[in-house]
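Asker: Before I ask anything, let me first share the structure, which is written out below as structure tokens.
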Amino acid sequence: MDFGISTFVTDEGIRPDVLGEAAEERGFASLFLAEHSHIPASRETPYPSGGELPRVYYRTLDPFVALTAAAVNTSNLQLGTGVALLIQRDVIHTAKEVASLDLVSRGRVVFGVGAGWNREEMVNHGTDPKTRGALLNEQIQVLKQIWTQEQAEFHGKHFDFDPFFAWPKPVQTPHPPIYVGGASDAALKRLVEHGDGWIPNPAVTPDEVRRVRRHLADAGRADLPSTLFGGPADADAIKQYADAGLNQYGFMLPTLPEAETLALLDEYAQLAAAHRAE
């Protein structure tokens with residue numbers, strides 16, 4: 001099992017260029033960043049983890065700008081979104097952003113997407129929460145058309161456009177892998193039909209990872225890789241997820257100033273090394 005870093009990059013913590021370089025120097029395979037465009041001041045949707053919404057949700061940098069900064073100072077680190085809220089984005093602009101990052105990074109992008117949970121945030125973008133799953137499914141199909149076709153064309157329920165040109169094309173072929181977040185029935189259906197990988201969070205237990213692996217095998221998608229976003233720095237949890245068949249464990253890195261962040265990265269690297277030595 002490989003190890004990566006999952007975090008919220010904000011204006012109050014370590015810079016993404018410094019973070020990316022430090023993660024790669026310590027042997028981590030990936031850096032996955034969360035995304036929220038904004039947080040509505042009046043919000044009825046409860047925070048999925050319970051309690052008050054953490055401060056980092058209010059202050060996230062744009063993930064593609066942050067990952068580009070990390071790309072410049074690294075050469076092997078995977079650069080991922082965990083997860084991008086595609087339903088709140090213009091899909092054509094997003095296709096260009098992801099392809100541009102893949103070009104700048106020489107083919108290191110992992111594009112994690114999810115349907116999101118903050119209904120008020122969605123509504124501010126003009127997205128109907130009730131149809132966000134169907135919208136996301138079409139958006140994934142549109143991305144693949146734009147990335148793989150010289151003239152992209154799509155005719156669906158949410159998107160309908162005649163052929164157009166869009167460059168750059170991604171470096172990776174056929175396109176950057178699209179990792180699907182979530183473990184609901186709808187998310188797993190999306191994963192089987194449209195995904196290139198799976199990105200669960202710690203609400204998905206090791207037993208659920210086993211269940212999803214069986215589901216994927218039954219659907220003929222046993223080869224899909226999986227990356228946990230936001231795992232605890234705990235040796236027992238690492239072992240349980242590894243035994244469940246997880247491919248990559250992303251440590252949840254708190255958003256802190258540079259010196260404190262580097263110290264935590266050292267601790268996480270030691271935990272990873274200890275697991276490999278077992």
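Scheme for the structure tokens: letters A, B, ... for chains in order shown; per-chain residue numbers from 1; ligand numbers from 1 in order shown.
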Can you tell me which residues surround Ala23 (chain A) at a distance of at most 10 Å, considering only C-alpha atoms, apart from same-chain residues fewer than 5 positions away, and format the answer as an NGL selection string?

Answerer: :A and (4-5 or 18 or 28-31 or 70 or 74 or 77 or 262 or 265-266 or 269)

Asker: Give me a file of those residues, with N, CA, C and O atoms, as a compact mmCIF listing (two decimals), in the first residue's frame.

Answerer:
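Writing done, so here's out_9.txt:
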```txt
# COMPACT_ATOMS: atom_id res chain seq x y z
N GLY A 4 -0.06 8.72 0.91
CA GLY A 4 -0.13 10.08 0.41
C GLY A 4 -0.55 11.04 1.50
O GLY A 4 -0.73 10.67 2.66
N ILE A 5 -0.72 12.30 1.09
CA ILE A 5 -1.14 13.36 2.00
C ILE A 5 -2.46 13.93 1.51
O ILE A 5 -2.62 14.24 0.33
N VAL A 18 5.70 24.61 -1.05
CA VAL A 18 6.55 24.05 0.00
C VAL A 18 6.02 22.69 0.43
O VAL A 18 6.79 21.73 0.63
N PHE A 28 6.24 10.39 0.00
CA PHE A 28 4.81 10.23 -0.20
C PHE A 28 4.49 10.20 -1.69
O PHE A 28 5.13 10.87 -2.49
N ALA A 29 3.48 9.41 -2.04
CA ALA A 29 3.15 9.20 -3.44
C ALA A 29 2.23 10.27 -4.01
O ALA A 29 2.21 10.47 -5.23
N SER A 30 1.47 10.94 -3.14
CA SER A 30 0.44 11.84 -3.66
C SER A 30 0.15 12.99 -2.71
O SER A 30 0.44 12.92 -1.51
N LEU A 31 -0.45 14.02 -3.28
CA LEU A 31 -1.00 15.14 -2.52
C LEU A 31 -2.40 15.40 -3.06
O LEU A 31 -2.57 15.76 -4.23
N ALA A 70 2.36 23.21 -6.43
CA ALA A 70 3.02 22.00 -5.96
C ALA A 70 3.73 21.28 -7.11
O ALA A 70 4.79 20.67 -6.90
N THR A 74 8.02 19.67 -7.79
CA THR A 74 8.05 18.21 -7.67
C THR A 74 8.19 17.58 -9.04
O THR A 74 8.00 18.23 -10.07
N LEU A 77 5.32 13.36 -7.65
CA LEU A 77 4.14 13.39 -6.78
C LEU A 77 2.85 13.42 -7.60
O LEU A 77 2.69 14.27 -8.48
N LEU A 262 5.81 20.43 8.68
CA LEU A 262 6.96 19.60 8.34
C LEU A 262 7.22 18.56 9.43
O LEU A 262 7.58 17.40 9.14
N LEU A 265 4.69 15.82 8.92
CA LEU A 265 5.06 15.00 7.76
C LEU A 265 6.13 13.98 8.13
O LEU A 265 6.11 12.82 7.67
N ASP A 266 7.07 14.40 8.98
CA ASP A 266 8.10 13.46 9.45
C ASP A 266 7.45 12.31 10.23
O ASP A 266 7.82 11.14 10.06
N ALA A 269 5.66 9.99 7.82
CA ALA A 269 6.63 9.20 7.07
C ALA A 269 7.15 8.03 7.91
O ALA A 269 7.37 6.92 7.40
```

Asker: Check region 17-253 of chain A with DSSP on the backbone and list each residue it calls strand (DSSP E or B), as a short mmCIF file (atom, residue, chain, number, x, y, z; two decimals) with all heavy atoms, in the first residue's frame.

Answerer:
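Saved file result_13.cif follows:
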```cif
data_model
loop_
_atom_site.label_atom_id
_atom_site.label_comp_id
_atom_site.auth_asym_id
_atom_site.auth_seq_id
_atom_site.Cartn_x
_atom_site.Cartn_y
_atom_site.Cartn_z
N SER A 30 1.47 10.94 -3.14
CA SER A 30 0.44 11.84 -3.66
C SER A 30 0.15 12.99 -2.71
O SER A 30 0.44 12.92 -1.51
CB SER A 30 -0.85 11.07 -3.93
OG SER A 30 -1.39 10.58 -2.71
N LEU A 31 -0.45 14.02 -3.28
CA LEU A 31 -1.00 15.14 -2.52
C LEU A 31 -2.40 15.40 -3.06
O LEU A 31 -2.57 15.76 -4.23
CB LEU A 31 -0.14 16.39 -2.70
CG LEU A 31 -0.69 17.68 -2.07
CD1 LEU A 31 -0.80 17.55 -0.56
CD2 LEU A 31 0.17 18.88 -2.46
N PHE A 32 -3.41 15.16 -2.21
CA PHE A 32 -4.81 15.38 -2.59
C PHE A 32 -5.37 16.55 -1.80
O PHE A 32 -5.25 16.59 -0.57
CB PHE A 32 -5.65 14.13 -2.30
CG PHE A 32 -5.59 13.09 -3.39
CD1 PHE A 32 -4.49 12.26 -3.50
CD2 PHE A 32 -6.63 12.95 -4.29
CE1 PHE A 32 -4.43 11.29 -4.50
CE2 PHE A 32 -6.58 11.99 -5.29
CZ PHE A 32 -5.47 11.16 -5.39
N LEU A 33 -6.00 17.49 -2.50
CA LEU A 33 -6.52 18.70 -1.89
C LEU A 33 -8.05 18.75 -1.97
O LEU A 33 -8.64 18.41 -3.00
CB LEU A 33 -5.94 19.94 -2.58
CG LEU A 33 -4.41 20.07 -2.59
CD1 LEU A 33 -4.02 21.41 -3.20
CD2 LEU A 33 -3.82 19.90 -1.20
N THR A 60 -10.32 27.61 1.74
CA THR A 60 -9.53 26.81 0.81
C THR A 60 -9.11 27.60 -0.42
O THR A 60 -9.87 28.39 -0.98
CB THR A 60 -10.32 25.58 0.32
OG1 THR A 60 -11.58 26.01 -0.23
CG2 THR A 60 -10.58 24.62 1.46
N GLN A 78 1.92 12.50 -7.30
CA GLN A 78 0.59 12.58 -7.89
C GLN A 78 -0.12 13.81 -7.33
O GLN A 78 -0.01 14.11 -6.13
CB GLN A 78 -0.23 11.34 -7.55
CG GLN A 78 0.10 10.10 -8.32
CD GLN A 78 -0.87 8.98 -7.99
OE1 GLN A 78 -1.40 8.89 -6.87
NE2 GLN A 78 -1.11 8.10 -8.94
N LEU A 79 -0.87 14.49 -8.18
CA LEU A 79 -1.55 15.72 -7.80
C LEU A 79 -3.05 15.51 -7.96
O LEU A 79 -3.56 15.39 -9.08
CB LEU A 79 -1.08 16.87 -8.68
CG LEU A 79 0.45 17.06 -8.71
CD1 LEU A 79 0.87 17.91 -9.89
CD2 LEU A 79 0.95 17.64 -7.41
N GLY A 80 -3.76 15.43 -6.81
CA GLY A 80 -5.16 15.03 -6.86
C GLY A 80 -6.11 15.99 -6.20
O GLY A 80 -5.74 16.80 -5.35
N THR A 81 -7.37 15.87 -6.56
CA THR A 81 -8.45 16.60 -5.90
C THR A 81 -9.26 15.60 -5.09
O THR A 81 -9.59 14.52 -5.56
CB THR A 81 -9.37 17.31 -6.91
OG1 THR A 81 -9.78 16.38 -7.92
CG2 THR A 81 -8.66 18.47 -7.55
N ALA A 84 -13.00 17.36 -6.07
CA ALA A 84 -13.49 18.56 -6.75
C ALA A 84 -15.01 18.50 -6.84
O ALA A 84 -15.58 17.45 -7.14
CB ALA A 84 -12.89 18.66 -8.15
N VAL A 109 -1.80 14.16 -12.87
CA VAL A 109 -3.08 14.53 -12.27
C VAL A 109 -3.96 13.31 -12.00
O VAL A 109 -4.06 12.40 -12.83
CB VAL A 109 -3.84 15.51 -13.17
CG1 VAL A 109 -5.25 15.78 -12.63
CG2 VAL A 109 -3.08 16.81 -13.31
N VAL A 110 -4.58 13.29 -10.82
CA VAL A 110 -5.66 12.36 -10.49
C VAL A 110 -6.87 13.23 -10.16
O VAL A 110 -6.83 14.00 -9.19
CB VAL A 110 -5.31 11.45 -9.31
CG1 VAL A 110 -6.49 10.55 -8.96
CG2 VAL A 110 -4.08 10.61 -9.61
N PHE A 111 -7.92 13.14 -10.97
CA PHE A 111 -9.06 14.04 -10.81
C PHE A 111 -10.15 13.34 -10.00
O PHE A 111 -10.92 12.54 -10.53
CB PHE A 111 -9.58 14.46 -12.18
CG PHE A 111 -10.61 15.56 -12.12
CD1 PHE A 111 -10.44 16.66 -11.30
CD2 PHE A 111 -11.75 15.50 -12.90
CE1 PHE A 111 -11.39 17.69 -11.24
CE2 PHE A 111 -12.70 16.51 -12.86
CZ PHE A 111 -12.52 17.60 -12.03
N GLY A 112 -10.20 13.64 -8.69
CA GLY A 112 -11.24 13.12 -7.83
C GLY A 112 -12.46 14.01 -7.85
O GLY A 112 -12.35 15.23 -7.74
N VAL A 113 -13.64 13.41 -8.01
CA VAL A 113 -14.88 14.17 -8.09
C VAL A 113 -15.92 13.58 -7.14
O VAL A 113 -15.88 12.39 -6.81
CB VAL A 113 -15.45 14.20 -9.52
CG1 VAL A 113 -14.46 14.82 -10.48
CG2 VAL A 113 -15.83 12.80 -9.99
N ALA A 152 -14.95 17.87 -29.83
CA ALA A 152 -15.83 17.31 -28.81
C ALA A 152 -17.29 17.63 -29.15
O ALA A 152 -17.62 18.75 -29.54
CB ALA A 152 -15.48 17.89 -27.44
N GLU A 153 -18.15 16.63 -28.96
CA GLU A 153 -19.57 16.80 -29.22
C GLU A 153 -20.34 16.00 -28.19
O GLU A 153 -19.95 14.89 -27.82
CB GLU A 153 -19.92 16.32 -30.63
CG GLU A 153 -21.39 16.46 -31.00
CD GLU A 153 -21.68 16.01 -32.42
OE1 GLU A 153 -20.76 15.51 -33.09
OE2 GLU A 153 -22.83 16.14 -32.86
N PHE A 154 -21.46 16.57 -27.71
CA PHE A 154 -22.25 15.86 -26.70
C PHE A 154 -23.70 16.30 -26.79
O PHE A 154 -23.99 17.49 -26.95
CB PHE A 154 -21.71 16.14 -25.30
CG PHE A 154 -22.28 15.25 -24.24
CD1 PHE A 154 -21.70 14.01 -23.97
CD2 PHE A 154 -23.40 15.62 -23.51
CE1 PHE A 154 -22.23 13.18 -23.00
CE2 PHE A 154 -23.94 14.79 -22.54
CZ PHE A 154 -23.35 13.56 -22.28
N HIS A 155 -24.59 15.32 -26.67
CA HIS A 155 -26.02 15.62 -26.70
C HIS A 155 -26.70 14.80 -25.59
O HIS A 155 -26.96 13.60 -25.74
CB HIS A 155 -26.61 15.27 -28.07
CG HIS A 155 -25.96 16.00 -29.19
ND1 HIS A 155 -26.19 17.34 -29.45
CD2 HIS A 155 -25.02 15.59 -30.10
CE1 HIS A 155 -25.45 17.73 -30.49
NE2 HIS A 155 -24.74 16.68 -30.90
N ASP A 160 -25.78 19.92 -24.15
CA ASP A 160 -26.11 19.68 -25.55
C ASP A 160 -25.28 20.65 -26.39
O ASP A 160 -25.58 21.85 -26.43
CB ASP A 160 -27.60 19.89 -25.78
CG ASP A 160 -28.05 19.48 -27.18
OD1 ASP A 160 -27.19 19.01 -27.96
OD2 ASP A 160 -29.25 19.64 -27.49
N PHE A 161 -24.22 20.15 -27.01
CA PHE A 161 -23.40 21.05 -27.83
C PHE A 161 -22.88 20.32 -29.06
O PHE A 161 -22.62 19.12 -29.05
CB PHE A 161 -22.25 21.65 -27.02
CG PHE A 161 -21.37 20.66 -26.30
CD1 PHE A 161 -20.37 19.97 -26.97
CD2 PHE A 161 -21.52 20.44 -24.94
CE1 PHE A 161 -19.55 19.08 -26.31
CE2 PHE A 161 -20.72 19.54 -24.27
CZ PHE A 161 -19.72 18.85 -24.96
N ASP A 162 -22.78 21.10 -30.14
CA ASP A 162 -22.22 20.61 -31.40
C ASP A 162 -20.70 20.62 -31.31
O ASP A 162 -20.13 21.16 -30.35
CB ASP A 162 -22.71 21.50 -32.55
CG ASP A 162 -24.21 21.33 -32.79
OD1 ASP A 162 -24.72 20.21 -32.55
OD2 ASP A 162 -24.86 22.32 -33.19
N PRO A 163 -20.00 20.04 -32.29
CA PRO A 163 -18.54 19.89 -32.20
C PRO A 163 -17.81 21.21 -31.96
O PRO A 163 -18.15 22.25 -32.53
CB PRO A 163 -18.17 19.30 -33.56
CG PRO A 163 -19.39 18.55 -33.99
CD PRO A 163 -20.54 19.39 -33.50
N PHE A 164 -16.82 21.16 -31.07
CA PHE A 164 -15.94 22.32 -30.85
C PHE A 164 -14.53 21.84 -30.56
O PHE A 164 -14.29 20.68 -30.23
CB PHE A 164 -16.47 23.24 -29.74
CG PHE A 164 -16.51 22.63 -28.35
CD1 PHE A 164 -15.35 22.38 -27.62
CD2 PHE A 164 -17.73 22.34 -27.74
CE1 PHE A 164 -15.39 21.87 -26.34
CE2 PHE A 164 -17.78 21.81 -26.46
CZ PHE A 164 -16.60 21.57 -25.76
N ILE A 178 -10.17 9.55 -13.46
CA ILE A 178 -11.25 10.18 -12.71
C ILE A 178 -11.62 9.27 -11.56
O ILE A 178 -12.14 8.16 -11.77
CB ILE A 178 -12.47 10.46 -13.60
CG1 ILE A 178 -12.09 11.42 -14.73
CG2 ILE A 178 -13.62 11.03 -12.77
CD1 ILE A 178 -13.19 11.66 -15.75
N TYR A 179 -11.34 9.71 -10.33
CA TYR A 179 -11.66 8.95 -9.13
C TYR A 179 -13.00 9.45 -8.59
O TYR A 179 -13.20 10.65 -8.42
CB TYR A 179 -10.58 9.12 -8.07
CG TYR A 179 -9.36 8.26 -8.25
CD1 TYR A 179 -8.86 7.96 -9.52
CD2 TYR A 179 -8.69 7.75 -7.14
CE1 TYR A 179 -7.72 7.17 -9.67
CE2 TYR A 179 -7.56 6.95 -7.29
CZ TYR A 179 -7.08 6.66 -8.55
OH TYR A 179 -5.97 5.88 -8.70
N VAL A 180 -13.89 8.53 -8.30
CA VAL A 180 -15.23 8.86 -7.84
C VAL A 180 -15.30 8.72 -6.32
O VAL A 180 -14.88 7.69 -5.76
CB VAL A 180 -16.28 7.95 -8.51
CG1 VAL A 180 -17.66 8.18 -7.91
CG2 VAL A 180 -16.30 8.21 -10.01
N GLY A 181 -15.81 9.75 -5.66
CA GLY A 181 -15.97 9.72 -4.22
C GLY A 181 -17.31 9.14 -3.81
O GLY A 181 -18.26 9.12 -4.60
N GLY A 197 -11.16 5.07 -10.72
CA GLY A 197 -10.64 4.82 -9.39
C GLY A 197 -11.66 5.30 -8.37
O GLY A 197 -12.64 5.98 -8.71
N TRP A 198 -11.40 4.94 -7.12
CA TRP A 198 -12.34 5.24 -6.02
C TRP A 198 -11.61 6.02 -4.94
O TRP A 198 -10.47 5.71 -4.59
CB TRP A 198 -12.87 3.93 -5.46
CG TRP A 198 -13.88 4.07 -4.35
CD1 TRP A 198 -14.90 4.96 -4.25
CD2 TRP A 198 -13.96 3.24 -3.18
NE1 TRP A 198 -15.61 4.76 -3.09
CE2 TRP A 198 -15.05 3.70 -2.41
CE3 TRP A 198 -13.21 2.16 -2.70
CZ2 TRP A 198 -15.42 3.13 -1.21
CZ3 TRP A 198 -13.57 1.58 -1.50
CH2 TRP A 198 -14.67 2.06 -0.76
N ILE A 199 -12.28 7.07 -4.41
CA ILE A 199 -11.67 7.88 -3.35
C ILE A 199 -12.64 7.99 -2.17
O ILE A 199 -13.40 8.96 -2.07
CB ILE A 199 -11.23 9.26 -3.90
CG1 ILE A 199 -10.55 10.09 -2.82
CG2 ILE A 199 -12.36 10.00 -4.57
CD1 ILE A 199 -9.79 11.28 -3.34
N SER A 226 -7.86 2.41 -5.39
CA SER A 226 -8.58 3.16 -4.37
C SER A 226 -7.59 3.96 -3.52
O SER A 226 -6.51 3.47 -3.18
CB SER A 226 -9.38 2.21 -3.47
OG SER A 226 -8.54 1.19 -2.95
N THR A 227 -7.99 5.18 -3.20
CA THR A 227 -7.18 6.08 -2.37
C THR A 227 -8.05 6.67 -1.28
O THR A 227 -9.07 7.30 -1.56
CB THR A 227 -6.59 7.22 -3.23
OG1 THR A 227 -5.68 6.70 -4.18
CG2 THR A 227 -5.87 8.23 -2.35
N LEU A 228 -7.65 6.46 -0.03
CA LEU A 228 -8.39 7.04 1.09
C LEU A 228 -7.99 8.50 1.27
O LEU A 228 -6.81 8.82 1.37
CB LEU A 228 -8.09 6.27 2.38
CG LEU A 228 -8.81 6.75 3.63
CD1 LEU A 228 -10.30 6.40 3.57
CD2 LEU A 228 -8.19 6.15 4.90
N PHE A 229 -8.99 9.38 1.33
CA PHE A 229 -8.72 10.79 1.62
C PHE A 229 -8.99 11.03 3.10
O PHE A 229 -10.11 10.85 3.58
CB PHE A 229 -9.63 11.70 0.79
CG PHE A 229 -9.36 13.17 1.03
CD1 PHE A 229 -8.52 13.87 0.20
CD2 PHE A 229 -9.95 13.84 2.10
CE1 PHE A 229 -8.26 15.22 0.42
CE2 PHE A 229 -9.70 15.18 2.34
CZ PHE A 229 -8.84 15.87 1.49
N GLY A 230 -7.94 11.43 3.84
CA GLY A 230 -8.14 11.88 5.21
C GLY A 230 -8.05 10.82 6.27
O GLY A 230 -8.75 10.91 7.29
N GLY A 231 -7.17 9.84 6.10
CA GLY A 231 -7.02 8.81 7.11
C GLY A 231 -6.29 9.29 8.35
O GLY A 231 -5.43 10.17 8.28
N GLN A 248 -4.04 2.95 -1.60
CA GLN A 248 -3.25 4.08 -1.13
C GLN A 248 -3.94 4.72 0.07
O GLN A 248 -5.16 4.92 0.05
CB GLN A 248 -3.05 5.12 -2.23
CG GLN A 248 -2.11 6.25 -1.83
CD GLN A 248 -1.76 7.17 -3.00
OE1 GLN A 248 -1.86 8.38 -2.90
NE2 GLN A 248 -1.37 6.58 -4.12
N TYR A 249 -3.15 5.04 1.09
CA TYR A 249 -3.66 5.62 2.34
C TYR A 249 -3.21 7.07 2.41
O TYR A 249 -2.02 7.36 2.48
CB TYR A 249 -3.10 4.83 3.53
CG TYR A 249 -3.70 5.17 4.87
CD1 TYR A 249 -4.73 4.41 5.39
CD2 TYR A 249 -3.22 6.25 5.63
CE1 TYR A 249 -5.28 4.70 6.64
CE2 TYR A 249 -3.77 6.54 6.87
CZ TYR A 249 -4.79 5.76 7.37
OH TYR A 249 -5.33 6.05 8.60
N GLY A 250 -4.19 7.98 2.38
CA GLY A 250 -3.87 9.40 2.47
C GLY A 250 -4.02 9.91 3.88
O GLY A 250 -5.13 9.96 4.42
N PHE A 251 -2.91 10.27 4.52
CA PHE A 251 -2.96 10.83 5.87
C PHE A 251 -3.68 12.18 5.84
O PHE A 251 -3.44 13.01 4.96
CB PHE A 251 -1.55 11.07 6.40
CG PHE A 251 -0.80 9.83 6.80
CD1 PHE A 251 0.19 9.32 5.97
CD2 PHE A 251 -1.08 9.19 7.99
CE1 PHE A 251 0.90 8.19 6.33
CE2 PHE A 251 -0.37 8.05 8.36
CZ PHE A 251 0.62 7.54 7.53
N MET A 252 -4.55 12.42 6.84
CA MET A 252 -5.18 13.73 6.97
C MET A 252 -4.22 14.68 7.64
O MET A 252 -3.90 14.54 8.82
CB MET A 252 -6.46 13.62 7.80
CG MET A 252 -7.28 14.91 7.83
SD MET A 252 -7.96 15.29 6.21
CE MET A 252 -7.41 16.98 5.98
N LEU A 253 -3.73 15.64 6.90
CA LEU A 253 -2.77 16.61 7.41
C LEU A 253 -3.50 17.87 7.85
O LEU A 253 -4.13 18.54 7.03
CB LEU A 253 -1.75 16.96 6.32
CG LEU A 253 -0.67 17.98 6.69
CD1 LEU A 253 0.31 17.39 7.70
CD2 LEU A 253 0.07 18.43 5.43
#
```

Asker: Would you mind reading off the distance between CA of Glu44 (chain A) and CA of Met122 (chain A), one decimal, in Å?

Answerer: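 Pair CA of Glu44 (chain A) / CA of Met122 (chain A) returns 12.5 Å.
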
Asker: So that I can see what lies close to Tyr57 (chain A), please list as an MDAnalysis selection string the residues with an atom at most 9 Å from it, counting only C-alpha atoms and leaving out residues fewer than 4 positions away in the same chain.

Answerer: chainID A and resid 8 10 34:36 38:39 53

Asker: Export, as a compact mmCIF listing (two decimals), in the first residue's frame, the selected residues with N, CA, C and O atoms.

Answerer:
```txt
# COMPACT_ATOMS: atom_id res chain seq x y z
N PHE A 8 -6.43 20.38 3.45
CA PHE A 8 -7.04 21.62 2.98
C PHE A 8 -5.92 22.66 2.93
O PHE A 8 -5.36 23.00 3.98
N THR A 10 -4.99 26.38 2.71
CA THR A 10 -5.67 27.67 2.91
C THR A 10 -4.64 28.79 2.97
O THR A 10 -3.43 28.56 2.90
N ALA A 34 -8.66 19.24 -0.89
CA ALA A 34 -10.10 19.42 -0.84
C ALA A 34 -10.49 20.71 -1.56
O ALA A 34 -9.66 21.60 -1.78
N GLU A 35 -11.78 20.80 -1.90
CA GLU A 35 -12.29 22.01 -2.56
C GLU A 35 -13.62 22.45 -1.98
O GLU A 35 -14.52 21.63 -1.78
N HIS A 36 -13.73 23.76 -1.71
CA HIS A 36 -15.02 24.42 -1.50
C HIS A 36 -14.87 25.83 -2.06
O HIS A 36 -13.93 26.54 -1.72
N HIS A 38 -16.94 28.36 -1.60
CA HIS A 38 -17.36 29.34 -0.60
C HIS A 38 -18.24 28.60 0.39
O HIS A 38 -18.65 27.45 0.14
N ILE A 39 -18.54 29.23 1.50
CA ILE A 39 -19.47 28.67 2.48
C ILE A 39 -20.57 29.69 2.75
O ILE A 39 -20.29 30.78 3.26
N LEU A 53 -18.71 23.45 11.53
CA LEU A 53 -17.90 23.31 10.32
C LEU A 53 -16.51 23.87 10.58
O LEU A 53 -16.36 25.02 10.99
```

Asker: Please return as an MDAnalysis selection string: the residues of region 51-268 of chain A that backbone DSSP assigns to alpha helix (DSSP H).

Answerer: chainID A and resid 63:72 91:104 119:124 132:148 185:194 206:218 235:244 258:268
